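File shown here: coords-v4.cif, holding mmCIF, C-alpha atoms.
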data_model
#
loop_
_atom_site.label_atom_id
_atom_site.label_comp_id
_atom_site.auth_asym_id
_atom_site.auth_seq_id
_atom_site.Cartn_x
_atom_site.Cartn_y
_atom_site.Cartn_z
CA MET A 1 -5.31 -9.25 -26.24
CA ASP A 2 -3.23 -6.72 -28.17
CA ILE A 3 -2.61 -3.47 -26.30
CA GLY A 4 1.00 -3.16 -27.41
CA ILE A 5 2.45 -5.02 -24.43
CA LYS A 6 3.62 -8.60 -24.89
CA GLU A 7 1.95 -11.26 -22.77
CA GLN A 8 5.16 -12.12 -20.90
CA ASP A 9 5.66 -8.43 -20.08
CA ARG A 10 2.04 -8.06 -18.94
CA LYS A 11 2.49 -11.03 -16.62
CA ALA A 12 5.76 -9.67 -15.20
CA ILE A 13 4.19 -6.27 -14.55
CA ALA A 14 1.11 -7.88 -13.00
CA GLN A 15 3.30 -9.99 -10.73
CA GLY A 16 4.97 -6.84 -9.41
CA LEU A 17 1.63 -5.09 -9.08
CA SER A 18 0.31 -8.09 -7.13
CA HIS A 19 3.03 -7.48 -4.53
CA LEU A 20 2.07 -3.80 -4.48
CA LEU A 21 -1.59 -4.76 -4.04
CA ALA A 22 -0.72 -7.08 -1.14
CA ASP A 23 1.41 -4.42 0.56
CA THR A 24 -1.28 -1.79 0.07
CA TYR A 25 -4.01 -4.04 1.44
CA THR A 26 -1.92 -5.09 4.43
CA LEU A 27 -1.10 -1.45 5.19
CA TYR A 28 -4.82 -0.64 4.84
CA LEU A 29 -5.71 -3.32 7.42
CA LYS A 30 -2.97 -2.19 9.81
CA THR A 31 -4.02 1.45 9.54
CA HIS A 32 -7.69 0.58 10.12
CA TYR A 33 -6.72 -1.61 13.09
CA PHE A 34 -4.73 1.26 14.60
CA HIS A 35 -7.63 3.66 13.97
CA TRP A 36 -9.88 1.46 16.09
CA ASN A 37 -7.39 0.87 18.88
CA VAL A 38 -5.30 4.01 19.33
CA THR A 39 -5.29 5.54 22.83
CA GLY A 40 -3.49 8.33 24.61
CA PRO A 41 -3.24 12.10 24.55
CA MET A 42 -3.17 12.25 20.74
CA PHE A 43 -6.20 9.99 20.37
CA ASN A 44 -8.41 12.35 18.38
CA THR A 45 -5.63 13.54 16.06
CA LEU A 46 -4.42 10.02 15.32
CA HIS A 47 -7.90 8.50 15.12
CA LEU A 48 -8.91 11.02 12.43
CA MET A 49 -5.59 10.86 10.61
CA PHE A 50 -5.64 7.06 10.48
CA GLU A 51 -9.20 7.19 9.14
CA ALA A 52 -8.17 9.49 6.30
CA GLN A 53 -5.22 7.23 5.54
CA TYR A 54 -7.13 3.94 5.52
CA THR A 55 -9.84 5.50 3.36
CA GLU A 56 -7.23 6.52 0.79
CA LEU A 57 -5.62 3.07 0.95
CA ALA A 58 -8.99 1.38 0.35
CA LEU A 59 -9.35 3.36 -2.87
CA ALA A 60 -5.77 2.59 -3.86
CA VAL A 61 -6.35 -1.16 -3.51
CA ASP A 62 -9.03 -0.90 -6.17
CA LEU A 63 -6.81 1.12 -8.53
CA VAL A 64 -3.97 -1.38 -8.32
CA ALA A 65 -6.24 -4.43 -8.70
CA GLU A 66 -7.97 -2.87 -11.70
CA ARG A 67 -4.61 -2.16 -13.35
CA ILE A 68 -3.72 -5.84 -12.95
CA ARG A 69 -7.03 -6.78 -14.58
CA ALA A 70 -6.48 -4.27 -17.40
CA LEU A 71 -3.32 -6.27 -18.16
CA ASP A 72 -5.55 -9.36 -18.48
CA VAL A 73 -4.20 -11.04 -15.35
CA TYR A 74 -6.30 -12.04 -12.34
CA ALA A 75 -5.65 -9.98 -9.22
CA PRO A 76 -4.95 -11.75 -5.92
CA GLY A 77 -7.65 -11.19 -3.35
CA THR A 78 -7.48 -13.61 -0.45
CA TYR A 79 -5.82 -13.17 2.92
CA ARG A 80 -3.64 -16.16 2.08
CA ASP A 81 -2.53 -14.51 -1.19
CA PHE A 82 -1.80 -11.22 0.52
CA ALA A 83 0.11 -12.90 3.38
CA LYS A 84 2.37 -14.64 0.85
CA LEU A 85 2.90 -11.56 -1.32
CA SER A 86 3.18 -8.75 1.22
CA SER A 87 6.45 -7.46 2.64
CA ILE A 88 4.53 -5.83 5.53
CA LYS A 89 4.02 -7.88 8.67
CA GLU A 90 0.85 -7.76 10.73
CA SER A 91 0.94 -6.38 14.25
CA GLU A 92 0.98 -9.06 16.92
CA SER A 93 -0.57 -6.80 19.57
CA VAL A 94 -1.96 -3.32 20.09
CA PRO A 95 1.12 -1.07 20.24
CA ARG A 96 1.44 2.30 21.97
CA ALA A 97 0.47 5.27 19.78
CA GLN A 98 4.11 6.19 19.03
CA ASP A 99 4.81 2.59 18.00
CA MET A 100 1.72 2.62 15.77
CA ILE A 101 3.11 5.67 14.00
CA ALA A 102 6.52 4.01 13.62
CA GLU A 103 4.93 0.84 12.20
CA LEU A 104 2.93 2.88 9.70
CA VAL A 105 6.07 4.78 8.65
CA ALA A 106 7.76 1.43 8.01
CA GLY A 107 4.68 0.26 6.08
CA HIS A 108 4.61 3.30 3.81
CA GLU A 109 8.33 2.95 3.18
CA ALA A 110 7.82 -0.73 2.29
CA VAL A 111 5.10 0.19 -0.20
CA CYS A 112 7.50 2.72 -1.76
CA ARG A 113 10.18 0.05 -2.19
CA THR A 114 7.67 -2.36 -3.70
CA ALA A 115 6.32 0.26 -6.10
CA ARG A 116 9.85 1.14 -7.22
CA SER A 117 10.61 -2.52 -7.87
CA VAL A 118 7.87 -2.64 -10.55
CA PHE A 119 9.32 0.18 -12.66
CA PRO A 120 11.90 -1.94 -14.55
CA ALA A 121 9.23 -4.30 -15.92
CA ALA A 122 6.95 -1.36 -16.80
CA ASP A 123 9.88 0.44 -18.47
CA THR A 124 10.78 -2.61 -20.55
CA ALA A 125 7.21 -2.80 -21.85
CA ALA A 126 6.76 0.97 -22.27
CA ASP A 127 3.75 0.61 -19.98
CA GLU A 128 3.09 4.28 -19.29
CA ALA A 129 -0.22 3.60 -17.54
CA THR A 130 1.45 1.43 -14.92
CA LYS A 131 4.33 3.88 -14.53
CA ASP A 132 1.82 6.69 -13.97
CA LEU A 133 0.01 4.65 -11.30
CA LEU A 134 3.31 3.81 -9.61
CA THR A 135 4.38 7.46 -9.62
CA GLN A 136 1.11 8.55 -8.06
CA ARG A 137 1.36 5.88 -5.39
CA LEU A 138 4.97 6.81 -4.62
CA GLN A 139 4.10 10.47 -4.22
CA LEU A 140 1.34 9.66 -1.78
CA HIS A 141 3.29 7.11 0.29
CA GLU A 142 6.40 9.28 0.48
CA LYS A 143 4.33 12.26 1.67
CA THR A 144 2.37 10.17 4.18
CA GLY A 145 5.61 8.66 5.49
CA TRP A 146 7.08 12.13 5.94
CA MET A 147 3.99 13.36 7.79
CA LEU A 148 3.99 10.35 10.08
CA ARG A 149 7.75 10.60 10.71
CA SER A 150 7.28 14.23 11.78
CA MET A 151 5.07 13.01 14.63
CA LEU A 152 7.66 10.63 16.05
CA GLU A 153 9.53 11.64 19.19
CA LYS A 154 13.21 12.09 18.52
#

Could you spell out this file's structure in structure tokens?
Amino acid sequence: MDIGIKEQDRKAIAQGLSHLLADTYTLYLKTHYFHWNVTGPMFNTLHLMFEAQYTELALAVDLVAERIRALDVYAPGTYRDFAKLSSIKESESVPRAQDMIAELVAGHEAVCRTARSVFPAADTAADEATKDLLTQRLQLHEKTGWMLRSMLEK
């Protein structure tokens, strides 16, 4: 494969993207779980908002995995892989609605940190396609985090 990125650089970028994929998938699962189980006075608002968020995350998982494959590296795809690679922890119970929001804020912030951690490898390789993907993901997760934070009681 000769796309202008050395094999060792492709592997380093793919390793970082694998962490991003795991975080994105874990956040997808958590958001879907909260969509199913949210209760309380903001049920309808949160139920619909969580649905829009998990739908976007499901599409993002595919984008990240396909970027890994475009670098000629296999993408992780098992729960075991994701559990090892993700910085986001699963919920142990069904939290109150406000706690769901707080957990999702923390999840989006974690994805932002993971995405940012991939930039050095992409910069070294002049991998503009990966940097573009990372920038798009950051914009979305930062905005979603802000919107969720605005719903938290102070």

### Explicit residue set for the PyMOL selection byres ((chain A and resi 93) around 12), as a list in words
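Written out, the selection comes to Lys30, Tyr33, Phe34, Asn37, Val38, Lys89, Glu90, Ser91, Glu92, Val94, Pro95, Arg96, Asp99, Met100 and Glu103 of chain A.
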
### Task
Mind giving me the straight-line distance from atom CA of A:Arg67 to atom CA of A:Leu134 in Å, one decimal?
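Atom CA of A:Leu134 lies at a distance of 10.6 Å from atom CA of A:Arg67.
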
### Task
Would you kindly return, as a list of chain:residue names, each protein, DNA or RNA residue with an atom no farther than 12 Å from any atom of A:Ala106, considering only C-alpha atoms and excluding same-chain residues fewer than 6 positions away?
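Answer for this query is A:Asp23, A:Leu27, A:Lys30, A:Thr31, A:Ser87, A:Ile88, A:Lys89, A:Glu90, A:Asp99, A:Met100, A:Cys112, A:Arg113, A:His141, A:Glu142, A:Thr144, A:Gly145, A:Trp146, A:Leu148, A:Arg149.
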
### Query
What residues come out when you apply the PyMOL selection byres ((chain A and resi 69-74) around 8) to this file, written as a ChimeraX atom specification?
/A:1,10-11,14,65-68,75-76

Find the residues of stretch 24-129 of chain A that sit at most 9 Å from stretch 150-154 of chain A; for each, write down the nearest two atoms and how far apart they are in Å, to one decimal. Count all atoms listed in the file. Sort by chain, then by number going up, and give it as a tab-separated table.
residue	atom	partner	partner_atom	distance
A:Gln98	CA	A:Leu152	CA	6.4
A:Asp99	CA	A:Leu152	CA	8.8
A:Ile101	CA	A:Leu152	CA	7.0
A:Ala102	CA	A:Leu152	CA	7.1

Dump C-alpha atoms for the selected residues as an mmCIF file, keeping the file's coordinate frame?
data_model
loop_
_atom_site.group_PDB
_atom_site.id
_atom_site.type_symbol
_atom_site.label_atom_id
_atom_site.label_comp_id
_atom_site.auth_asym_id
_atom_site.auth_seq_id
_atom_site.Cartn_x
_atom_site.Cartn_y
_atom_site.Cartn_z
ATOM 1 C CA GLN A 98 4.110 6.190 19.030
ATOM 2 C CA ASP A 99 4.810 2.590 18.000
ATOM 3 C CA ILE A 101 3.110 5.670 14.000
ATOM 4 C CA ALA A 102 6.520 4.010 13.620
#

#### Entry: Polymer residues at most 12 Å from A:Leu29, only C-alpha atoms, same-chain spacing of 3 or more positions, as a ChimeraX atom specification
/A:22-26,32-36,50-51,53-58,61,79,82-83,88-91,104,107

### Message
Using the chain letters and numbers from this file, what does the PyMOL selection byres ((chain A and resi 121) around 9) select? Give the answer as a list in words.
### Response
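Output of the PyMOL selection byres ((chain A and resi 121) around 9): Asp9, Arg10, Ala12, Ile13, Gly16, Ser117, Val118, Phe119, Pro120, Ala122, Asp123, Thr124, Ala125, Ala126 and Asp127 of chain A.
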
Go ahead and save the picked residues with C-alpha atoms, as a compact mmCIF listing (two decimals), keeping the file's coordinate frame.
# COMPACT_ATOMS: atom_id res chain seq x y z
CA ASP A 9 5.66 -8.43 -20.08
CA ARG A 10 2.04 -8.06 -18.94
CA ALA A 12 5.76 -9.67 -15.20
CA ILE A 13 4.19 -6.27 -14.55
CA GLY A 16 4.97 -6.84 -9.41
CA SER A 117 10.61 -2.52 -7.87
CA VAL A 118 7.87 -2.64 -10.55
CA PHE A 119 9.32 0.18 -12.66
CA PRO A 120 11.90 -1.94 -14.55
CA ALA A 122 6.95 -1.36 -16.80
CA ASP A 123 9.88 0.44 -18.47
CA THR A 124 10.78 -2.61 -20.55
CA ALA A 125 7.21 -2.80 -21.85
CA ALA A 126 6.76 0.97 -22.27
CA ASP A 127 3.75 0.61 -19.98

### Message
Could you tell me how far atom CA of A:Gly40 sits from atom CA of A:Leu140, in Å to one decimal place?
### Response
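So the two atoms, atom CA of A:Leu140 and atom CA of A:Gly40, lie 26.9 Å apart.
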
### Atomic distance atom CA of A:Ala60 - atom CA of A:Thr39, expressed in Å with one decimal
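Atom-to-atom, atom CA of A:Ala60 to atom CA of A:Thr39, that is 26.9 Å.
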
Coords for stretch 9-143 of chain A, C-alpha atoms, as an mmCIF file, in the first residue's frame:
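That gives us out28.cif:
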data_model
loop_
_atom_site.group_PDB
_atom_site.id
_atom_site.type_symbol
_atom_site.label_atom_id
_atom_site.label_comp_id
_atom_site.auth_asym_id
_atom_site.auth_seq_id
_atom_site.Cartn_x
_atom_site.Cartn_y
_atom_site.Cartn_z
ATOM 1 C CA ASP A 9 2.637 5.889 10.839
ATOM 2 C CA ARG A 10 -0.537 4.238 9.517
ATOM 3 C CA LYS A 11 -0.413 1.749 12.384
ATOM 4 C CA ALA A 12 0.141 4.486 14.981
ATOM 5 C CA ILE A 13 -2.770 6.514 13.624
ATOM 6 C CA ALA A 14 -4.988 3.422 13.482
ATOM 7 C CA GLN A 15 -4.115 2.585 17.079
ATOM 8 C CA GLY A 16 -5.299 6.021 18.183
ATOM 9 C CA LEU A 17 -8.394 5.757 16.015
ATOM 10 C CA SER A 18 -9.134 2.364 17.584
ATOM 11 C CA HIS A 19 -9.349 4.075 20.978
ATOM 12 C CA LEU A 20 -11.619 6.709 19.432
ATOM 13 C CA LEU A 21 -13.777 3.965 17.928
ATOM 14 C CA ALA A 22 -14.050 2.206 21.292
ATOM 15 C CA ASP A 23 -14.969 5.432 23.092
ATOM 16 C CA THR A 24 -17.517 6.325 20.423
ATOM 17 C CA TYR A 25 -19.116 2.878 20.527
ATOM 18 C CA THR A 26 -19.233 2.829 24.321
ATOM 19 C CA LEU A 27 -20.818 6.294 24.364
ATOM 20 C CA TYR A 28 -23.299 5.089 21.718
ATOM 21 C CA LEU A 29 -24.311 2.136 23.925
ATOM 22 C CA LYS A 30 -24.611 4.317 27.029
ATOM 23 C CA THR A 31 -26.715 6.901 25.199
ATOM 24 C CA HIS A 32 -29.009 4.213 23.772
ATOM 25 C CA TYR A 33 -29.317 2.612 27.217
ATOM 26 C CA PHE A 34 -30.298 5.964 28.728
ATOM 27 C CA HIS A 35 -32.787 6.561 25.895
ATOM 28 C CA TRP A 36 -34.583 3.348 26.832
ATOM 29 C CA ASN A 37 -34.531 3.914 30.577
ATOM 30 C CA VAL A 38 -34.889 7.634 31.254
ATOM 31 C CA THR A 39 -37.793 8.655 33.515
ATOM 32 C CA GLY A 40 -39.032 11.822 35.146
ATOM 33 C CA PRO A 41 -40.508 15.169 34.189
ATOM 34 C CA MET A 42 -38.101 15.640 31.269
ATOM 35 C CA PHE A 43 -38.771 12.176 29.863
ATOM 36 C CA ASN A 44 -39.948 13.203 26.397
ATOM 37 C CA THR A 45 -37.243 15.839 25.900
ATOM 38 C CA LEU A 46 -34.445 13.527 27.014
ATOM 39 C CA HIS A 47 -35.841 10.447 25.276
ATOM 40 C CA LEU A 48 -35.883 12.286 21.927
ATOM 41 C CA MET A 49 -32.558 14.021 22.492
ATOM 42 C CA PHE A 50 -30.823 10.767 23.425
ATOM 43 C CA GLU A 51 -32.275 9.138 20.297
ATOM 44 C CA ALA A 52 -30.834 11.865 18.074
ATOM 45 C CA GLN A 53 -27.483 11.524 19.830
ATOM 46 C CA TYR A 54 -27.220 7.734 19.630
ATOM 47 C CA THR A 55 -28.249 7.831 15.968
ATOM 48 C CA GLU A 56 -25.416 10.261 15.217
ATOM 49 C CA LEU A 57 -22.971 8.146 17.234
ATOM 50 C CA ALA A 58 -23.965 5.009 15.299
ATOM 51 C CA LEU A 59 -23.021 6.768 12.065
ATOM 52 C CA ALA A 60 -19.785 8.045 13.598
ATOM 53 C CA VAL A 61 -18.716 4.529 14.575
ATOM 54 C CA ASP A 62 -18.828 3.575 10.916
ATOM 55 C CA LEU A 63 -16.816 6.632 9.824
ATOM 56 C CA VAL A 64 -14.052 5.954 12.326
ATOM 57 C CA ALA A 65 -13.892 2.216 11.569
ATOM 58 C CA GLU A 66 -13.766 2.882 7.835
ATOM 59 C CA ARG A 67 -10.906 5.361 8.308
ATOM 60 C CA ILE A 68 -8.973 2.660 10.161
ATOM 61 C CA ARG A 69 -9.605 0.274 7.263
ATOM 62 C CA ALA A 70 -8.575 2.928 4.713
ATOM 63 C CA LEU A 71 -5.212 2.925 6.519
ATOM 64 C CA ASP A 72 -5.046 -0.840 5.844
ATOM 65 C CA VAL A 73 -5.442 -1.829 9.494
ATOM 66 C CA TYR A 74 -8.230 -4.002 10.864
ATOM 67 C CA ALA A 75 -10.722 -2.165 13.058
ATOM 68 C CA PRO A 76 -11.597 -3.578 16.487
ATOM 69 C CA GLY A 77 -15.191 -4.703 16.739
ATOM 70 C CA THR A 78 -15.854 -6.912 19.738
ATOM 71 C CA TYR A 79 -17.146 -5.948 23.160
ATOM 72 C CA ARG A 80 -13.910 -7.298 24.609
ATOM 73 C CA ASP A 81 -11.861 -5.056 22.282
ATOM 74 C CA PHE A 82 -13.953 -2.016 23.100
ATOM 75 C CA ALA A 83 -13.820 -2.685 26.862
ATOM 76 C CA LYS A 84 -10.009 -2.799 26.714
ATOM 77 C CA LEU A 85 -9.659 0.278 24.498
ATOM 78 C CA SER A 86 -12.353 2.608 25.828
ATOM 79 C CA SER A 87 -11.767 5.287 28.449
ATOM 80 C CA ILE A 88 -15.532 5.449 29.099
ATOM 81 C CA LYS A 89 -16.947 3.190 31.784
ATOM 82 C CA GLU A 90 -20.311 1.480 31.494
ATOM 83 C CA SER A 91 -23.107 2.426 33.862
ATOM 84 C CA GLU A 92 -23.598 -0.063 36.680
ATOM 85 C CA SER A 93 -27.264 0.857 37.184
ATOM 86 C CA VAL A 94 -30.017 3.055 35.811
ATOM 87 C CA PRO A 95 -29.167 6.552 37.075
ATOM 88 C CA ARG A 96 -31.566 9.450 37.651
ATOM 89 C CA ALA A 97 -32.099 11.656 34.587
ATOM 90 C CA GLN A 98 -29.734 14.380 35.852
ATOM 91 C CA ASP A 99 -27.037 11.763 36.474
ATOM 92 C CA MET A 100 -27.578 10.365 32.973
ATOM 93 C CA ILE A 101 -26.930 13.825 31.569
ATOM 94 C CA ALA A 102 -23.796 14.211 33.706
ATOM 95 C CA GLU A 103 -22.491 10.800 32.584
ATOM 96 C CA LEU A 104 -23.068 11.706 28.944
ATOM 97 C CA VAL A 105 -21.259 15.033 29.420
ATOM 98 C CA ALA A 106 -18.302 13.106 30.841
ATOM 99 C CA GLY A 107 -18.497 10.670 27.908
ATOM 100 C CA HIS A 108 -18.440 13.405 25.278
ATOM 101 C CA GLU A 109 -15.537 15.088 27.045
ATOM 102 C CA ALA A 110 -13.664 11.760 27.097
ATOM 103 C CA VAL A 111 -14.200 11.340 23.354
ATOM 104 C CA CYS A 112 -12.811 14.858 22.841
ATOM 105 C CA ARG A 113 -9.669 14.005 24.809
ATOM 106 C CA THR A 114 -9.222 10.768 22.868
ATOM 107 C CA ALA A 115 -9.707 12.504 19.512
ATOM 108 C CA ARG A 116 -7.156 15.173 20.454
ATOM 109 C CA SER A 117 -4.641 12.495 21.409
ATOM 110 C CA VAL A 118 -4.604 11.192 17.808
ATOM 111 C CA PHE A 119 -3.598 14.518 16.240
ATOM 112 C CA PRO A 120 0.176 14.198 16.875
ATOM 113 C CA ALA A 121 0.400 10.915 14.938
ATOM 114 C CA ALA A 122 -1.770 12.310 12.128
ATOM 115 C CA ASP A 123 0.340 15.498 12.037
ATOM 116 C CA THR A 124 3.586 13.531 11.818
ATOM 117 C CA ALA A 125 2.240 11.624 8.804
ATOM 118 C CA ALA A 126 0.556 14.639 7.174
ATOM 119 C CA ASP A 127 -2.646 12.589 7.286
ATOM 120 C CA GLU A 128 -5.125 15.310 6.410
ATOM 121 C CA ALA A 129 -8.032 12.884 6.031
ATOM 122 C CA THR A 130 -7.679 11.683 9.615
ATOM 123 C CA LYS A 131 -7.202 15.235 10.894
ATOM 124 C CA ASP A 132 -10.384 16.277 9.090
ATOM 125 C CA LEU A 133 -12.319 13.390 10.653
ATOM 126 C CA LEU A 134 -10.943 14.252 14.092
ATOM 127 C CA THR A 135 -11.881 17.912 13.685
ATOM 128 C CA GLN A 136 -15.423 17.024 12.691
ATOM 129 C CA ARG A 137 -15.780 14.661 15.627
ATOM 130 C CA LEU A 138 -14.405 17.258 18.042
ATOM 131 C CA GLN A 139 -16.831 19.896 16.832
ATOM 132 C CA LEU A 140 -19.770 17.576 17.331
ATOM 133 C CA HIS A 141 -18.721 16.253 20.757
ATOM 134 C CA GLU A 142 -17.845 19.696 22.092
ATOM 135 C CA LYS A 143 -21.228 21.063 20.974
#
